[in-house]
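Trainee: The file below is run.txt, compact mmCIF, C-alpha atoms:
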```txt
# COMPACT_ATOMS: atom_id res chain seq x y z
CA MET A 257 195.51 294.20 207.77
CA SER A 258 192.63 295.47 209.83
CA LEU A 259 192.92 298.59 211.97
CA THR A 260 192.34 296.49 215.10
CA ASN A 261 196.05 295.64 215.04
CA TYR A 262 196.85 299.25 215.91
CA LEU A 263 194.44 299.08 218.83
CA VAL A 264 196.05 295.86 220.10
CA LEU A 265 199.48 297.51 219.87
CA ALA A 266 198.11 300.48 221.82
CA THR A 267 196.76 298.23 224.58
CA ILE A 268 200.06 296.32 224.77
CA LEU A 269 201.99 299.57 225.15
CA PHE A 270 199.46 300.81 227.74
CA THR A 271 199.84 297.58 229.71
CA ILE A 272 203.63 297.80 229.68
CA GLY A 273 203.43 301.42 230.89
CA ALA A 274 201.00 300.53 233.67
CA THR A 275 203.14 297.59 234.80
CA THR A 276 206.19 299.86 234.85
CA VAL A 277 204.35 302.28 237.12
CA LEU A 278 203.50 299.38 239.45
CA LEU A 279 206.92 297.72 239.48
CA ARG A 280 209.67 300.33 239.26
CA ARG A 281 210.79 302.52 242.14
CA ASN A 282 212.89 305.18 240.48
CA GLY A 283 210.61 308.22 240.23
CA ILE A 284 211.84 309.17 236.75
CA ILE A 285 211.20 305.70 235.32
CA VAL A 286 207.74 305.61 236.90
CA PHE A 287 207.08 308.92 235.21
CA MET A 288 208.22 307.59 231.84
CA GLY A 289 205.74 304.76 232.32
CA VAL A 290 202.97 307.34 232.69
CA GLU A 291 204.18 309.00 229.48
CA LEU A 292 204.08 305.64 227.68
CA MET A 293 200.46 305.15 228.81
CA LEU A 294 199.53 308.60 227.46
CA ASN A 295 201.23 307.82 224.15
CA ALA A 296 199.41 304.51 223.85
CA THR A 297 196.04 306.22 224.33
CA ASN A 298 197.01 308.73 221.64
CA LEU A 299 197.64 305.88 219.21
CA ALA A 300 194.23 304.45 220.03
CA LEU A 301 192.55 307.86 219.57
CA ILE A 302 194.21 308.39 216.19
CA THR A 303 193.21 304.91 215.06
CA PHE A 304 189.59 305.59 216.09
CA SER A 305 189.74 308.87 214.20
CA ARG A 306 190.74 307.02 211.05
CA MET A 307 188.17 304.32 211.65
CA HIS A 308 185.28 306.77 211.90
CA GLY A 309 186.54 309.14 209.23
CA ASN A 310 186.44 312.35 211.23
CA LEU A 311 189.20 314.33 212.87
CA GLN A 312 187.82 314.67 216.40
CA GLY A 313 190.00 311.81 217.65
CA GLN A 314 193.07 313.63 216.41
CA VAL A 315 191.96 316.79 218.22
CA PHE A 316 191.60 314.78 221.44
CA ALA A 317 195.10 313.36 220.94
CA PHE A 318 196.36 316.91 220.41
CA PHE A 319 194.88 318.02 223.73
CA VAL A 320 196.35 314.94 225.44
CA MET A 321 199.77 316.01 224.15
CA VAL A 322 199.35 319.55 225.50
CA VAL A 323 198.26 318.30 228.92
CA ALA A 324 201.13 315.78 228.92
CA ALA A 325 203.62 318.58 228.29
CA ALA A 326 202.25 320.56 231.27
CA GLU A 327 202.22 317.41 233.41
CA VAL A 328 205.85 316.60 232.58
CA VAL A 329 206.96 320.08 233.58
CA ILE A 330 205.26 319.87 236.97
CA GLY A 331 206.20 316.24 237.61
CA LEU A 332 209.87 316.74 236.87
CA ALA A 333 209.91 319.88 239.03
CA ILE A 334 208.47 317.80 241.89
CA ILE A 335 211.11 315.09 241.34
CA VAL A 336 213.89 317.70 241.36
CA SER A 337 212.61 319.30 244.56
CA ILE A 338 212.25 315.88 246.24
CA PHE A 339 215.79 315.04 245.17
CA ARG A 340 217.06 318.29 246.68
CA THR A 341 215.60 317.58 250.09
CA ARG A 342 215.98 313.76 250.24
CA ARG A 343 219.04 313.17 247.97
CA SER A 344 217.18 310.35 246.22
CA ALA A 345 214.84 309.89 243.27
CA SER A 346 213.31 306.69 244.63
CA VAL A 347 209.60 306.85 245.32
CA ASP A 348 210.11 304.61 248.39
CA ASP A 349 212.20 307.18 250.21
CA VAL A 350 209.34 309.66 250.42
CA ASN A 351 207.93 308.35 253.67
CA LEU A 352 208.10 311.34 255.98
CA LEU A 353 204.48 310.90 257.05
CA ARG A 354 204.94 307.25 258.00
CA ASN A 355 204.35 306.21 261.64
CA MET B 231 201.96 313.76 194.36
CA THR B 232 200.48 314.25 197.78
CA LEU B 233 201.85 312.74 200.97
CA ALA B 234 198.84 310.43 201.27
CA SER B 235 199.28 308.92 197.83
CA ALA B 236 203.03 308.58 198.36
CA LEU B 237 202.44 306.60 201.54
CA HIS B 238 199.53 304.54 200.14
CA ALA B 239 197.68 305.52 203.30
CA ASN B 240 194.22 305.20 201.79
CA LEU B 241 192.10 302.33 203.04
CA THR B 242 190.54 299.77 200.73
CA GLU B 243 186.80 299.37 200.32
CA ALA B 244 186.68 296.67 202.99
CA GLY B 245 188.29 298.99 205.54
CA THR B 246 191.68 297.28 205.57
CA THR B 247 195.05 298.92 205.08
CA SER B 248 197.34 298.59 202.10
CA SER B 249 199.89 295.79 202.22
CA GLY B 250 202.73 298.33 202.42
CA GLU B 251 201.26 299.70 205.62
CA ALA B 252 200.88 296.15 206.95
CA VAL B 253 204.58 295.52 206.32
CA LEU B 254 205.43 298.79 208.08
CA PHE B 255 203.28 297.76 211.01
CA TRP B 256 204.75 294.29 211.39
CA VAL B 257 208.30 295.60 211.16
CA LEU B 258 207.87 298.51 213.53
CA ALA B 259 205.40 297.18 216.11
CA PRO B 260 207.62 294.35 217.47
CA LEU B 261 210.52 296.80 217.74
CA MET B 262 208.34 299.22 219.69
CA VAL B 263 207.12 296.50 222.04
CA LEU B 264 210.73 295.42 222.63
CA ALA B 265 211.74 299.01 223.42
CA ALA B 266 208.77 299.38 225.76
CA LEU B 267 209.83 296.17 227.53
CA GLY B 268 213.22 297.82 227.91
CA LEU B 269 211.47 300.53 229.90
CA MET B 270 210.13 297.90 232.28
CA LEU B 271 213.22 295.73 232.59
CA SER B 272 216.33 297.85 232.03
CA ARG B 273 218.40 298.69 235.08
CA ARG B 274 220.05 301.87 233.85
CA THR B 275 217.91 304.97 233.61
CA VAL B 276 219.67 306.29 230.50
CA HIS B 277 218.90 303.08 228.59
CA VAL B 278 215.27 303.50 229.61
CA ALA B 279 215.22 307.06 228.26
CA VAL B 280 216.68 305.97 224.91
CA ALA B 281 214.19 303.09 224.65
CA ILE B 282 211.25 305.41 225.32
CA ALA B 283 212.53 307.88 222.74
CA GLY B 284 212.56 304.98 220.25
CA VAL B 285 208.96 304.09 221.09
CA MET B 286 207.91 307.71 220.60
CA VAL B 287 209.59 307.96 217.19
CA GLY B 288 207.88 304.73 216.16
CA LEU B 289 204.54 306.16 217.26
CA ALA B 290 205.23 309.27 215.16
CA VAL B 291 205.76 307.03 212.12
CA PHE B 292 202.45 305.30 212.83
CA TYR B 293 200.64 308.62 213.16
CA VAL B 294 201.89 309.68 209.74
CA ALA B 295 200.97 306.28 208.31
CA GLN B 296 197.47 306.69 209.77
CA GLU B 297 196.87 310.00 207.96
CA ALA B 298 197.50 312.12 211.07
CA TYR B 299 200.36 314.07 209.49
CA PHE B 300 200.10 317.07 211.81
CA LEU B 301 200.15 314.97 214.96
CA GLY B 302 203.01 312.87 213.62
CA PHE B 303 205.22 315.91 213.38
CA VAL B 304 203.94 317.31 216.67
CA GLN B 305 204.85 313.97 218.25
CA VAL B 306 208.44 314.28 217.04
CA VAL B 307 208.76 317.92 218.07
CA VAL B 308 206.95 317.77 221.42
CA TYR B 309 207.65 314.26 222.71
CA THR B 310 211.05 313.27 221.40
CA GLY B 311 212.25 316.86 221.12
CA ALA B 312 210.98 318.58 224.24
CA ILE B 313 209.70 316.03 226.74
CA MET B 314 212.48 313.45 226.37
CA MET B 315 215.10 316.21 226.45
CA LEU B 316 213.55 317.43 229.70
CA PHE B 317 213.66 313.88 231.07
CA ILE B 318 217.32 313.45 230.17
CA PHE B 319 218.11 316.88 231.61
CA VAL B 320 216.54 315.95 234.95
CA LEU B 321 218.26 312.56 234.76
CA MET B 322 221.64 314.26 234.53
CA LEU B 323 220.67 316.65 237.34
CA VAL B 324 219.44 313.93 239.68
CA GLY B 325 222.37 311.63 238.98
CA VAL B 326 222.74 309.03 236.28
CA ASP B 327 224.25 306.53 238.70
CA ALA B 328 221.20 306.52 240.96
CA SER B 329 220.21 302.99 240.00
CA ASP B 330 217.02 301.31 241.12
CA SER B 331 217.07 299.65 244.52
CA LEU B 332 216.09 296.00 244.55
CA VAL B 333 214.89 296.02 248.16
CA GLU B 334 211.16 295.46 248.39
CA THR B 335 209.63 297.76 250.96
CA LEU B 336 206.19 296.28 250.39
CA SER B 337 206.48 292.51 250.54
CA GLY B 338 205.24 290.74 247.43
CA GLN B 339 204.81 293.99 245.54
CA ARG B 340 206.64 292.66 242.52
CA TRP B 341 204.38 289.63 242.09
CA ILE B 342 201.20 291.57 242.81
CA GLY B 343 202.29 294.29 240.37
CA ALA B 344 203.16 291.78 237.64
CA LEU B 345 199.86 289.99 238.18
CA ALA B 346 197.92 293.26 238.00
CA GLY B 347 199.81 294.22 234.82
CA ILE B 348 199.02 290.88 233.14
CA GLY B 349 195.41 291.25 234.28
CA ILE B 350 195.09 294.72 232.72
CA GLY B 351 196.66 293.43 229.52
CA VAL B 352 194.38 290.40 229.25
CA VAL B 353 191.21 292.40 229.94
CA LEU B 354 192.06 295.23 227.53
CA ILE B 355 193.27 293.04 224.69
CA SER B 356 190.29 290.69 224.94
CA VAL B 357 187.91 293.66 224.88
CA VAL B 358 189.63 295.17 221.84
CA VAL B 359 189.77 291.89 219.96
CA ARG B 360 186.16 290.89 220.69
CA ALA B 361 184.62 294.30 220.04
CA SER B 362 182.98 294.75 216.65
CA PHE B 363 184.07 297.94 214.95
CA PRO B 364 182.34 299.65 212.05
CA THR B 365 183.94 299.35 208.64
CA ALA B 366 186.87 301.73 208.66
CA VAL B 367 186.18 304.84 206.58
CA GLY B 368 189.62 306.44 206.33
CA LEU B 369 190.36 310.13 206.44
CA GLY B 370 190.40 310.85 202.72
CA ALA B 371 187.30 313.07 202.89
CA ALA B 372 188.17 314.70 206.23
CA ASN B 373 191.70 315.50 205.03
CA ALA B 374 190.48 316.97 201.75
CA ASP B 375 191.92 320.42 202.57
CA SER B 376 195.08 318.84 204.04
CA ASN B 377 195.25 317.44 207.55
CA PRO B 378 196.49 320.51 209.48
CA VAL B 379 193.67 322.62 208.03
CA GLY B 380 191.09 320.04 209.05
CA VAL B 381 192.48 319.73 212.58
CA SER B 382 192.75 323.51 213.02
CA ARG B 383 189.11 323.99 211.90
CA LEU B 384 188.09 321.77 214.80
CA VAL B 385 190.57 323.17 217.35
CA PHE B 386 189.67 326.79 216.64
CA GLY B 387 186.02 326.01 215.99
CA ASN B 388 184.22 323.49 218.16
CA PHE B 389 187.03 323.15 220.69
CA VAL B 390 188.11 326.76 221.04
CA LEU B 391 187.11 326.93 224.72
CA ALA B 392 189.18 323.83 225.56
CA PHE B 393 192.03 325.34 223.56
CA GLU B 394 191.92 328.54 225.67
CA ALA B 395 191.81 326.40 228.83
CA THR B 396 194.96 324.53 227.77
CA GLY B 397 196.66 327.91 227.27
CA ALA B 398 195.81 328.82 230.88
CA LEU B 399 196.99 325.35 231.96
CA LEU B 400 200.38 325.79 230.26
CA VAL B 401 200.95 329.19 231.88
CA THR B 402 199.99 327.74 235.28
CA ALA B 403 202.33 324.79 234.76
CA ALA B 404 205.24 327.05 233.87
CA LEU B 405 204.65 329.19 236.96
CA GLY B 406 204.25 326.08 239.12
CA ALA B 407 207.56 324.65 237.89
CA LEU B 408 209.26 327.97 238.65
CA ILE B 409 207.85 328.01 242.19
CA LEU B 410 208.59 324.33 242.87
CA THR B 411 212.23 324.56 241.84
CA HIS B 412 212.83 328.02 243.32
CA ARG B 413 215.44 328.06 246.07
CA ARG B 414 215.70 330.95 248.48
CA ARG B 415 219.25 332.23 249.00
CA LEU B 416 220.24 331.49 252.58
CA GLY B 417 223.72 332.98 252.72
CA ARG B 418 225.25 336.13 251.28
CA LYS B 419 225.97 336.12 247.57
CA ILE B 420 229.62 335.26 246.85
CA GLY B 421 231.03 337.37 244.03
CA GLN B 422 234.33 337.55 242.20
CA ARG B 423 235.89 339.89 244.77
CA GLU B 424 235.11 337.53 247.69
CA LEU B 425 236.42 334.53 245.74
CA ALA B 426 239.70 336.32 244.95
CA ASP B 427 240.15 337.41 248.57
CA ALA B 428 239.51 333.90 249.83
CA ARG B 429 242.05 332.51 247.37
CA VAL B 430 244.77 334.91 248.48
CA ALA B 431 243.99 334.28 252.14
CA ARG B 432 244.20 330.51 251.60
CA GLY B 433 247.71 330.85 250.21
CA GLY B 434 249.16 328.37 247.72
CA ARG B 435 249.33 328.92 244.00
CA LEU B 436 247.73 332.12 242.75
CA THR B 437 248.59 331.91 239.07
CA PRO B 438 246.94 329.52 236.63
CA LEU B 439 248.57 326.13 236.08
CA ALA B 440 251.07 325.81 233.26
CA ALA B 441 249.68 324.64 229.92
CA PRO B 442 250.80 321.26 228.56
CA GLY B 443 253.92 321.20 226.42
CA VAL B 444 254.02 322.18 222.78
CA TYR B 445 256.74 320.51 220.76
CA ALA B 446 257.56 320.31 217.11
CA ARG B 447 256.65 316.65 216.97
CA HIS B 448 253.81 316.47 219.48
CA ASN B 449 251.43 318.97 220.95
CA ALA B 450 248.73 316.84 222.57
CA MET B 451 247.44 317.24 226.13
CA ASP B 452 249.49 314.35 227.50
CA VAL B 453 252.99 315.84 227.28
CA PRO B 454 254.09 317.96 230.22
CA ALA B 455 255.66 321.34 229.63
CA LEU B 456 259.32 321.91 230.49
CA ASP B 457 260.45 324.38 233.11
CA PRO B 458 263.45 326.67 232.47
CA TYR B 459 265.79 323.89 233.61
CA GLY B 460 264.40 321.39 231.13
CA GLU B 461 262.56 319.37 233.77
CA PRO B 462 258.94 318.35 233.04
CA ILE B 463 256.25 320.18 235.02
CA GLU B 464 253.96 317.49 236.37
CA GLU B 465 250.89 319.62 237.02
CA SER B 466 250.75 320.92 233.44
CA VAL B 467 249.13 317.60 232.46
CA SER B 468 245.48 317.04 233.29
CA ARG B 469 244.97 315.25 236.59
CA VAL B 470 242.76 312.64 234.96
CA LEU B 471 245.49 311.66 232.48
CA ARG B 472 248.04 311.48 235.27
CA ILE B 473 245.88 309.19 237.37
CA ARG B 474 245.18 306.95 234.39
CA GLY B 475 248.91 306.78 233.68
CA GLN B 476 248.49 308.15 230.16
CA GLU B 477 251.04 310.90 230.60
CA ALA B 478 253.75 310.85 227.93
CA ALA B 479 257.42 311.43 228.63
CA ALA B 480 258.47 314.97 227.76
CA ALA B 481 262.03 313.91 227.05
CA ALA B 482 260.92 311.87 224.05
CA TYR B 483 259.57 314.93 222.28
CA ALA B 484 261.81 317.73 223.57
CA LEU B 485 264.48 319.00 221.19
CA GLU B 486 267.73 317.29 222.11
CA THR B 487 269.92 320.41 222.12
CA GLU B 488 271.48 319.62 225.43
CA GLU B 489 271.19 316.77 227.85
CA PRO B 490 269.01 318.06 230.65
CA GLY B 491 270.99 318.14 233.85
CA SER B 492 274.40 317.87 232.22
CA THR B 493 275.01 321.58 231.90
CA ASP B 494 275.68 323.88 234.76
CA ARG B 495 272.46 325.27 235.91
CA PRO B 496 272.16 328.99 236.17
CA SER B 497 271.36 329.56 239.78
CA LEU B 498 268.32 331.59 240.53
CA GLU B 499 269.05 331.78 244.24
CA GLY B 500 271.95 334.14 243.56
CA GLY B 501 274.76 335.03 245.87
CA GLU B 502 276.70 331.78 245.33
CA ASP B 503 279.23 333.15 242.85
CA GLU B 504 279.82 336.41 244.59
```
With the file now loaded, output its structure as structure tokens.

Mentor:
Amino acid sequence: MSLTNYLVLATILFTIGATTVLLRRNGIIVFMGVELMLNATNLALITFSRMHGNLQGQVFAFFVMVVAAAEVVIGLAIIVSIFRTRRSASVDDVNLLRN
Amino acid sequence: MTLASALHANLTEAGTTSSGEAVLFWVLAPLMVLAALGLMLSRRTVHVAVAIAGVMVGLAVFYVAQEAYFLGFVQVVVYTGAIMMLFIFVLMLVGVDASDSLVETLSGQRWIGALAGIGIGVVLISVVVRASFPTAVGLGAANADSNPVGVSRLVFGNFVLAFEATGALLVTAALGALILTHRRRLGRKIGQRELADARVARGGRLTPLAAPGVYARHNAMDVPALDPYGEPIEESVSRVLRIRGQEAAAAAYALETEEPGSTDRPSLEGGEDE
């Protein structure tokens, strides 16, 4: 089996995550789609690292994980504060600036 | 025996994986794609969270299979351990029953979104499949001093500035989360003294409710306790059990010393006999 299979799996997962972000309206699920996209890129980075025989790809994936952790903390705090004021986690209900 | 030799992770001369790794891939990859589709299609948010946790565990297995042992364990600890727990925590806070609305606020968004998703998929997969990659080398040489040592040489060597920056980022994120979720107290703080005063002023029952009955043959939550007259006390059984109709009859378990109600009741009102 060639290593390209891992890359194809990573692109499939990335596509599913991106489509989730486009289609779903619950803020938490949209956010999980973003997480899935980040995970898929990590798989691609690790596969590239193995393909080229040096560890820089793994270091990049490590930094992606750290940034994802910080991003999750902030994103979930935003969702909680939106839920407190609007009583809803749907991204469609945040339309205070409309009209 | 090292972890790499146990997993047969080393690549062949032609840059292909061992057949064991191929089997692992073909078993795990369809499961992961199914779980990821669950993220897109499932109605209930909790099911989505479980599906995503499954995808992340599968990715951790692939990282270990691809000679990234350190990141495989970090994936389990950080993603499935910390991030998914945080997601589920917020899910419980925001309300599990808050299901997705099916009303389209932007007309045609679903079709445009699905089309865009298929477009991204087709473009990316065709690029990956048509690209010509160099012959895969494998990480045998790079992992010579074990994988965590190799990664840490890079993180604390070439990438030490980025590493310091991520430290600053994490501190900023923690402070930002504190500020975003901080709520200023609008009223006066209500302590134990105020609660007790309010309870007395409201009247009603001041003492705790009676505990459910304990009998020689049955001491579960569903049997009401008996009052001094031998009558069951309704509120000693949990309200939920009462509403469900799962309350058991106390008479079935009480010791049959006397028929309740047949004896003369000692009067607590007093003044009748005198």

Trainee: Taking into account only C-alpha atoms, which residue in the set A:Met307, A:Val286, A:Leu263, A:Ala333 is nearest to His412 in chain B?

Mentor: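 Answer, going by the shortest atom-to-atom distance: A:Ala333.
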
Trainee: Can you tell me, as a PDB file with C-alpha atoms, in the coordinates of the input, what residues are no more than 8 Å from range 264-275 of chain A when counting all atoms listed in the file, ignoring any on the same chain fewer than 2 positions away?

Mentor:
```
ATOM      1  CA  THR A 260     192.340 296.490 215.100  1.00  0.00           C
ATOM      2  CA  ASN A 261     196.050 295.640 215.040  1.00  0.00           C
ATOM      3  CA  TYR A 262     196.850 299.250 215.910  1.00  0.00           C
ATOM      4  CA  VAL A 277     204.350 302.280 237.120  1.00  0.00           C
ATOM      5  CA  LEU A 278     203.500 299.380 239.450  1.00  0.00           C
ATOM      6  CA  LEU A 279     206.920 297.720 239.480  1.00  0.00           C
ATOM      7  CA  MET A 288     208.220 307.590 231.840  1.00  0.00           C
ATOM      8  CA  GLY A 289     205.740 304.760 232.320  1.00  0.00           C
ATOM      9  CA  VAL A 290     202.970 307.340 232.690  1.00  0.00           C
ATOM     10  CA  GLU A 291     204.180 309.000 229.480  1.00  0.00           C
ATOM     11  CA  LEU A 292     204.080 305.640 227.680  1.00  0.00           C
ATOM     12  CA  MET A 293     200.460 305.150 228.810  1.00  0.00           C
ATOM     13  CA  LEU A 294     199.530 308.600 227.460  1.00  0.00           C
ATOM     14  CA  ALA A 296     199.410 304.510 223.850  1.00  0.00           C
ATOM     15  CA  THR A 297     196.040 306.220 224.330  1.00  0.00           C
ATOM     16  CA  LEU A 299     197.640 305.880 219.210  1.00  0.00           C
ATOM     17  CA  ALA A 300     194.230 304.450 220.030  1.00  0.00           C
TER      18      ALA A 300
ATOM     19  CA  ALA B 259     205.400 297.180 216.110  1.00  0.00           C
ATOM     20  CA  VAL B 263     207.120 296.500 222.040  1.00  0.00           C
ATOM     21  CA  ALA B 266     208.770 299.380 225.760  1.00  0.00           C
ATOM     22  CA  LEU B 267     209.830 296.170 227.530  1.00  0.00           C
ATOM     23  CA  MET B 270     210.130 297.900 232.280  1.00  0.00           C
ATOM     24  CA  GLY B 343     202.290 294.290 240.370  1.00  0.00           C
ATOM     25  CA  ALA B 344     203.160 291.780 237.640  1.00  0.00           C
ATOM     26  CA  ALA B 346     197.920 293.260 238.000  1.00  0.00           C
ATOM     27  CA  GLY B 347     199.810 294.220 234.820  1.00  0.00           C
ATOM     28  CA  ILE B 348     199.020 290.880 233.140  1.00  0.00           C
ATOM     29  CA  ILE B 350     195.090 294.720 232.720  1.00  0.00           C
ATOM     30  CA  GLY B 351     196.660 293.430 229.520  1.00  0.00           C
ATOM     31  CA  LEU B 354     192.060 295.230 227.530  1.00  0.00           C
ATOM     32  CA  ILE B 355     193.270 293.040 224.690  1.00  0.00           C
ATOM     33  CA  VAL B 358     189.630 295.170 221.840  1.00  0.00           C
ATOM     34  CA  VAL B 359     189.770 291.890 219.960  1.00  0.00           C
TER      35      VAL B 359
END
```

Trainee: Using all atoms listed in the file, I'd like a table of the residues in chain B that come within 6 Å of chain A; for each, show the closest atom pair and its distance in Å rounded to one decimal, ordered by chain and ascending number, as a tab-separated table.

Mentor:
```
residue	atom	partner	partner_atom	distance
B:Thr246	CA	A:Ser258	CA	4.7
B:Thr247	CA	A:Met257	CA	5.5
B:Ala252	CA	A:Met257	CA	5.8
B:Met270	CA	A:Thr276	CA	5.1
B:Asp330	CA	A:Asn282	CA	5.7
B:Arg340	CA	A:Leu279	CA	5.9
B:Gly343	CA	A:Leu278	CA	5.3
B:Gly347	CA	A:Thr275	CA	4.7
B:Gly351	CA	A:Thr271	CA	5.2
B:Ala366	CA	A:Met307	CA	4.2
B:Val367	CA	A:Gly309	CA	5.1
B:Gly368	CA	A:Arg306	CA	4.9
B:Leu369	CA	A:Gly309	CA	4.8
B:Ala372	CA	A:Asn310	CA	5.8
B:Leu400	CA	A:Ala326	CA	5.6
B:Ala403	CA	A:Ala326	CA	5.5
B:Ala407	CA	A:Ile330	CA	5.4
B:Thr411	CA	A:Ala333	CA	5.9
```

Trainee: Fewer than 3 positions away in the same chain doesn't count, so skip those; otherwise give me all residues within 8 Å of Gly288 in chain B, counting only C-alpha atoms, as a list in words.

Mentor: Leu258, Ala259, Met262, Gly284, Val285, Val291 and Phe292 of chain B

Trainee: What is the CA of Pro458 in chain B-CA of Leu439 in chain B distance in Å, reported with one decimal?

Mentor: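 Atom-to-atom, CA of Pro458 in chain B and CA of Leu439 in chain B are spaced 15.3 Å apart.
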
Trainee: Taking all listed atoms of range 344-348 of chain A, build the axis-aligned box, pad each of the six sides by 5 Å, then write its centre and edge lengths in Å to one decimal as JSON.

Mentor:
```
{"center_x": 213.4, "center_y": 307.5, "center_z": 245.8, "size_x": 17.6, "size_y": 15.7, "size_z": 15.1}
```

Trainee: Which value, in Å to one decimal, gives the distance between CA of Ile409 in chain B and CA of Tyr309 in chain B?

Mentor: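 So the answer is 23.8 Å.
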
Trainee: Report, in Å to a single decimal, how far apart CA of Leu321 in chain B and CA of Ala279 in chain B are.

Mentor: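 Between these atoms lies a distance of 9.0 Å.
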
Trainee: Missing atoms in range 239-252 of chain B need filling: write out N, CA and C atoms for it as a compact mmCIF listing (two decimals), in the coordinates of the input.

Mentor:
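In the end it all went to out.txt:
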```
# COMPACT_ATOMS: atom_id res chain seq x y z
N ALA B 239 198.35 305.56 202.01
CA ALA B 239 197.68 305.52 203.30
C ALA B 239 196.20 305.25 203.17
N ASN B 240 195.67 305.33 201.94
CA ASN B 240 194.22 305.20 201.79
C ASN B 240 193.77 303.77 202.07
N LEU B 241 192.63 303.65 202.71
CA LEU B 241 192.10 302.33 203.04
C LEU B 241 191.39 301.74 201.82
N THR B 242 191.30 300.42 201.80
CA THR B 242 190.54 299.77 200.73
C THR B 242 189.05 299.85 201.04
N GLU B 243 188.25 299.33 200.14
CA GLU B 243 186.80 299.37 200.32
C GLU B 243 186.38 298.61 201.57
N ALA B 244 187.05 297.51 201.86
CA ALA B 244 186.68 296.67 202.99
C ALA B 244 187.16 297.24 204.32
N GLY B 245 187.84 298.39 204.30
CA GLY B 245 188.29 298.99 205.54
C GLY B 245 189.61 298.44 206.03
N THR B 246 190.37 297.78 205.16
CA THR B 246 191.68 297.28 205.57
C THR B 246 192.77 298.19 204.98
N THR B 247 193.96 298.06 205.53
CA THR B 247 195.05 298.92 205.08
C THR B 247 195.72 298.32 203.86
N SER B 248 196.56 299.11 203.22
CA SER B 248 197.34 298.59 202.10
C SER B 248 198.39 297.63 202.64
N SER B 249 198.92 296.78 201.75
CA SER B 249 199.89 295.79 202.22
C SER B 249 201.19 296.47 202.62
N GLY B 250 201.52 297.61 202.02
CA GLY B 250 202.73 298.33 202.42
C GLY B 250 202.63 298.78 203.86
N GLU B 251 201.43 299.27 204.23
CA GLU B 251 201.26 299.70 205.62
C GLU B 251 201.32 298.51 206.56
N ALA B 252 200.81 297.35 206.11
CA ALA B 252 200.88 296.15 206.95
C ALA B 252 202.34 295.77 207.20
```
